[in-house]
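Here's the structure we're looking at; comments come further down.
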Amino acid sequence: MPSARVDTAELPHTATHRARVGPLLTTLGAASVLAFALLTPDEYDQHLVMWVGLNAVLAVSLRFVLLVGETNIATGAFYGIGAYVAALCTVNFGVPFPLALLAGGIVATLVSAAFGLITLRAKGPYFMLISFAFTEVMRLIYTRIDYIGGNSGIMGVFPPQSLDPLMPALTVLLCGGLVLALYLCERSDLGRVFRAIENNDAIVETIGINVMSVKLLCLILASFAVGVAGALHAHIYNVISPGDFSYLVPVFALAYVKIGGDSHVLGAVLGAGLLTLVAQALEGAGALEQILFGGAIVAAMLVLPDGLWGAGKRLLGLLWR
Amino acid sequence: MGLVAQLCLNTLQIGAVYVLFSLGLTLVFGVMKVINFAHGQFFTLAALLIAAAMPAFTVQLALPVWLDYLVSFVLAMIAVSLLAAALYFIGFERYLRDLVGSFILSLGLLLLLEGIYLWLFTGAPRVVAKVLPGQISLAGAAMETQRLVICGLSLAFTMALYQFVQHSRLGKALRAVAEDREAAMLQGIRYRRTSFYGFMIGSGLAALSGGLLAPLTPITPALGSDYLTKAFIIIIIGGLGSIPGAILGGFLIAMIESVAGYYFDLSYATIAMFALVIAFLLVRREGMLGHAQR
Amino acid sequence: MALSPLLVAQDLSRRFGGLLAVNDLSFEVREGEVLGLIGPNGAGKSTTFNVISGFYRPTSGRLSFRGEDITGMSASAISRRGLVRTFQHGSLLRDMSVHDNILIGALRAVRDRRGRQRHVRDTAELLGLGGLLEATAGSLPHGHQRMLSIAIALAARPTLLCLDEPLTGLNSTEIAVALGTIQRVRQEFATTIMLVDHNMRAVMRICDRIVVLNHGQKLAEGTPAYIRNDPEVIRAYLGDDA
């Protein structure tokens with residue numbers, strides 16, 4: 001039973017249409033978001049764009065691991081590791097900004113490799129629960145280590161002053177780049193192997209591919225992306241604390257994927273964008289915020305089982321005829 | 001000696017609640033192959049309803065506290081059962097055997113319900129009046145009488161559930177479906193009906209443990225969420241879907257928590273538990289007593 | 001007929017708890033032949049298959065392939081050495097197209113992209129799937145699905161192709177086609193083939209040699225003619241008259 005279905009069957013004329021229209025629309029969309037990020041004077045909007053960017057990477061990264069059939073809630077842990085490493089680099093060691101971002105990605109990758117080696121032998125619900133527990137435990141570990149600020153976390157994580165006004169645009173570029181990179185992997189032969197593993201991993205073993213190695217690679221690539229995103233997060237918000245990296249982060253990201261539509265990477269981006277906007281709109285409403293946000297998720301799951309993307313495709317399919 | 005007895009009693013008491021709660025979670029997984037992230041919400045609702053109803057009864061009906069508790073308990077169980085049935089038919093039935101889909105649905109439900117509780121009951125911790133007065137001394141360890149009684153009740157319920165699952169017709173059906181759904185269906189077991197009953201019993205266990213916990217701790221709408229992480233660890237160690245595994249795992253975790261919590265900070269206990277899970281995974285993928293994944 | 005042994009199983013045993021599913025089994029598969037593995041239900045055929053392909057580790061005994069000791073190696077390691085198998089149930093990637101299914105098989109075998117495309121097309125043609133490349137694997141009728149599972153294995157250019165009940169669920173026409181295809185595979189690719197099946201007539205027709213299992217042990221081994229007349233084999237299938 002696939003959890004991240006990817007469309008292989010298409011009507012002929014829509015297929016050729018999509019071949020041209022899809023990338024074109026996406027590029028246009030990305031360009032307009034970038035322009036918005038560069039030009040909008042409103043700080044509120046700037047923060048919104050950056051927030052959407054980060055959430056999009058989280059969602060796409062989670063979806064990436066869903067391609068091999070695993071629900072990787074440890075995404076939250078690697079996000080946090082990226083953030084903390086980058087924050088330490090900038091605040092404690094004065095490492096240049098780009099290197100701090102890279103360091104966040106690399107350390108997250110290394111930890112994810114160790115994590116994956118041990119836990120990827122567990123599958124499905126076991127892997128989901130243990131990755132959940134890992135995120136929780138990392139959060140607890142942060143609270144216990146005084147060097148990284150314990151419960152209070154780390155403050156004063158600033159990007160270089162010259163880059164400060166460009167942060168929204170930079171975020172869009174970097175996040176967009178990470179999403180694109182993961183998408184390109186998905187479309188490559190490696191992505192085909194991922195899907196094959198999700199369908200039937202015994203077949204993949206039997207033609208000579210070590211499934212565990214490929215799953216590990218998938219996890220590592222996804223974790224690099226969120227590690228860098230976490231590093232960026234630290235420099236955008238300037239303050240990080242353990243509470244920022246609870247299990248809710250990856251679980252919400254999973255909601256973005258499911259509600260946006262798990263069959264295409266843009267579904268995950270769409271879900272991230274939409275739900276971030278909804279969360280923003282509801283901010284400060286107290287209990288009502290939880291009720292409406294939770295209600296939105298429940299409603300989406302009941303009414304749109306294949307997400308917005310799936311619903312959109314069905315609609316377009318109807319219109320095209 | 002007093003210390004050991006105290007730690008043992010603590011383990012039993014904490015463990016009894018964890019076990020009932022985790023049993024519900026593992027039962028639902030076994031039958032429906034679904035992890036209900038909102039499992040804690042049944043737990044919380046039962047506790048909240050009891051905490052809210054008891055003062056009202058005391059005032060209105062002037063009954064002794066323990067009878068108030070009993071009546072409120074029954075009413076709370078009925079209310080939670082209605083909620084569980086509603087959630088099953090509206091949502092979970094559609095996502096049977098869909099791990100990720102049901103998980104996200106339950107996430108939405110968790111937020112929705114927790115928000116509703118916050119709105120209805122406010123976030124202020126509620127304390128239930130002492131149901132039974134006094135203290136008891138056992139082997140040099142002191143414990144409130146009500147804690148001991150409630151612990152005893154929890155253990156009794158756990159044993160009753162174990163017997164039920166082992167020997168009753170429905171219990172065997174639940175186990176059969178958990179082990180091999182298709183084979184069970186070939187034997188004439190009605191899957192959808194069994195799923196429903198499994199979900200109701202599982203949720204009922206969450207409510208039961210919440211109700212039993214109510215007199216022992218201050219109750220807030222976020223209560224269930226704290227127990228959830230531990231429950232996840234317990235059912236991994238015990239094996240997803242395994243009833244005896246949840247029982248063993250629950251007491252094991254309770255023991256770690258009570259010992260580690262005594263000597264160190266409680267968060268270290270959680271970290272230690274996680275290390276234990278990792279160790280288990282390295283040695284035995286399916287947990288102590290779980291079924292092998294297909 | 002080439003006689004050098006390709007796969008050698010020596011005193012293989014596989015235990016599951018209290019059950020000894022395979023018990024001191026020794027046999028060999030010779031280069032270029034079609035070997036059949038048969039036996040009544042519960043004889044240990046599936047277990048043997050799983051052990052030689054690396055999906056189970058042998059409890060004891062030795063396994064070698066092309067002169068190399070492969071005892072205890074993982075399934076993918078054994079596959080990389082040229083032993084590729086199909087599965088009795090669900091030997092496909094259901095949600096992917098026929099083309100992508102075969103492509104996965106070809107991934108390690110053919111590195112050059114264009115060559116790989118050609119190889120996929122040729123393999124599909126050989127197994128009668130040439131016109132179905134865009135179809136979703138799960139939507140194919142049963143006979144085509146069986147052919148596809150063979151195609152995937154074949155795309156990996158195996159030295160030894162192990163077919164797990166390739167004829168189950170096929171009607172007589174489809175069986176004839178399948179047998180013809182197996183013959184062609186053997187001739188055109190010089191692939192050695194080992195198969196497990198319950199269809200006695202088909203096995204007798206296509207195999208050069210047959211190994212008969214019962215209760216996890218080798219009961220008899222020889223040509224179809226020999227096996228057909230062996231009293232032990234007959235008794236095993238028809239049961240002892242106590």
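Every chain in the structure tokens has a letter given in the order shown (A, B, ...), and although residue numbers restart at 1 in each chain, ligands are simply numbered from 1 in the order shown.
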
Could you write out as a VMD selection string the residues of chain C within 7 Å of chain A, counting only C-alpha atoms? chain C and resid 75 to 77 79 to 80 84 to 85 91 93 to 97 104 to 105 153 156

With C-alpha atoms retained, export the selected residues as a tab-separated table (two decimals), in the first residue's frame.
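After the write, out10.tsv holds the following:
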```
chain	number	residue	atom	x	y	z
C	75	ALA	CA	20.20	-11.70	-1.10
C	76	SER	CA	21.51	-8.66	-2.92
C	77	ALA	CA	25.09	-9.90	-2.67
C	79	SER	CA	22.10	-11.48	-6.90
C	80	ARG	CA	25.07	-9.32	-7.78
C	84	VAL	CA	18.44	-13.94	-9.71
C	85	ARG	CA	15.09	-15.29	-8.62
C	91	SER	CA	6.89	-10.58	-7.89
C	93	LEU	CA	6.27	-3.47	-8.64
C	94	ARG	CA	2.52	-3.02	-8.77
C	95	ASP	CA	2.20	0.73	-9.08
C	96	MET	CA	4.92	1.22	-11.63
C	97	SER	CA	4.68	0.78	-15.37
C	104	ILE	CA	14.68	-1.68	-12.37
C	105	GLY	CA	15.81	-5.16	-13.27
C	153	ALA	CA	14.68	-11.09	-13.34
C	156	ALA	CA	19.31	-8.36	-14.68
```

I need the residues of region 147-216 of chain A that end up classed as helix (DSSP H, G or I) by DSSP on the backbone, written out as an MDAnalysis selection string. chainID A and resid 147:148 150:152 161:187 189:199 201:206 211:216

Using only C-alpha atoms, tabulate the residues of chain B lying at most 6 Å from any atom of chain A, each with its closest atom pair and that distance in Å to one decimal, by chain and increasing residue number, as JSON lines.
```
{"residue": "B:Ile104", "atom": "CA", "partner": "A:Ala255", "partner_atom": "CA", "distance": 5.9}
{"residue": "B:Leu105", "atom": "CA", "partner": "A:Val298", "partner_atom": "CA", "distance": 5.5}
{"residue": "B:Gly108", "atom": "CA", "partner": "A:Gly294", "partner_atom": "CA", "distance": 4.2}
{"residue": "B:Leu111", "atom": "CA", "partner": "A:Gly294", "partner_atom": "CA", "distance": 4.7}
{"residue": "B:Leu112", "atom": "CA", "partner": "A:Ile291", "partner_atom": "CA", "distance": 4.3}
{"residue": "B:Gly115", "atom": "CA", "partner": "A:Ala287", "partner_atom": "CA", "distance": 4.8}
{"residue": "B:Leu118", "atom": "CA", "partner": "A:Ala287", "partner_atom": "CA", "distance": 5.9}
{"residue": "B:Trp119", "atom": "CA", "partner": "A:Ala287", "partner_atom": "CA", "distance": 5.8}
{"residue": "B:Ile271", "atom": "CA", "partner": "A:Val137", "partner_atom": "CA", "distance": 5.7}
{"residue": "B:Arg285", "atom": "CA", "partner": "A:Ala122", "partner_atom": "CA", "distance": 5.9}
```

Could you list, as a PyMOL selection string, every residue within 10 Å of Phe92 (chain B), counting only C-alpha atoms and ignoring same-chain residues fewer than 3 positions away? (chain A and resi 302) or (chain B and resi 32+34+36+84-89+95-98+101-103+105-106+195-196+199)

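Atom pair CA of Leu110 (chain A) / CA of Ala225 (chain A): separated by 12.5 Å.
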
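Among the candidates B:Phe21, B:Gly211, B:Gly123, B:Asn10, the one nearest to Val71 (chain B) when counting only C-alpha atoms is B:Gly211.
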
What are the DSSP strand (DSSP E or B) residues of region 58-240 of chain B, as a list in words? Arg126, Gln135, Ile136, Ser137, Leu138, Ala141, Ala142, Met143, Glu144 and Ile219 of chain B

Give me the residues within 8 Å of region 205-207 of chain C as a list of chain:residue names, counting only C-alpha atoms and dropping any in the same chain fewer than 2 places off. C:Glu33, C:Val34, C:Leu35, C:Gly36, C:Leu179, C:Gln183, C:Arg201, C:Ala202, C:Val203, C:Arg209, C:Ile210, C:Thr223, C:Pro224

Residues within 9 Å of Gly32 (chain C), please, as a PyMOL selection string. Count only C-alpha atoms; anything in the same chain fewer than 4 positions from it doesn't count. chain C and resi 1-4+6+160+186-187+190-193

I need the chosen residues saved as a compact mmCIF listing (two decimals), in the first residue's frame, with N, CA and C atoms.
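Generated file (result22.txt):
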```txt
# COMPACT_ATOMS: atom_id res chain seq x y z
N MET C 1 26.51 -31.46 -23.85
CA MET C 1 25.92 -30.69 -22.75
C MET C 1 26.99 -30.35 -21.74
N ALA C 2 27.03 -29.07 -21.39
CA ALA C 2 28.02 -28.59 -20.42
C ALA C 2 27.74 -29.21 -19.07
N LEU C 3 28.78 -29.62 -18.38
CA LEU C 3 28.53 -30.34 -17.14
C LEU C 3 29.11 -29.66 -15.91
N SER C 4 29.78 -28.53 -16.08
CA SER C 4 30.40 -27.94 -14.89
C SER C 4 29.31 -27.38 -13.96
N LEU C 6 27.35 -25.06 -11.57
CA LEU C 6 27.26 -23.62 -11.41
C LEU C 6 26.95 -23.29 -9.95
N LEU C 160 22.30 -17.58 -13.43
CA LEU C 160 21.35 -18.61 -13.00
C LEU C 160 20.04 -17.94 -12.68
N ARG C 186 16.62 -19.78 -22.42
CA ARG C 186 17.76 -20.66 -22.23
C ARG C 186 18.66 -20.67 -23.45
N GLN C 187 18.02 -20.68 -24.64
CA GLN C 187 18.81 -20.75 -25.87
C GLN C 187 19.47 -19.43 -26.18
N ALA C 190 21.76 -18.29 -23.10
CA ALA C 190 22.57 -19.33 -22.46
C ALA C 190 22.44 -19.23 -20.94
N THR C 191 21.25 -18.96 -20.47
CA THR C 191 21.01 -18.84 -19.04
C THR C 191 20.71 -20.22 -18.47
N THR C 192 21.31 -20.52 -17.34
CA THR C 192 20.95 -21.74 -16.63
C THR C 192 19.68 -21.45 -15.85
N ILE C 193 18.79 -22.43 -15.81
CA ILE C 193 17.51 -22.17 -15.17
C ILE C 193 17.20 -23.24 -14.13
```
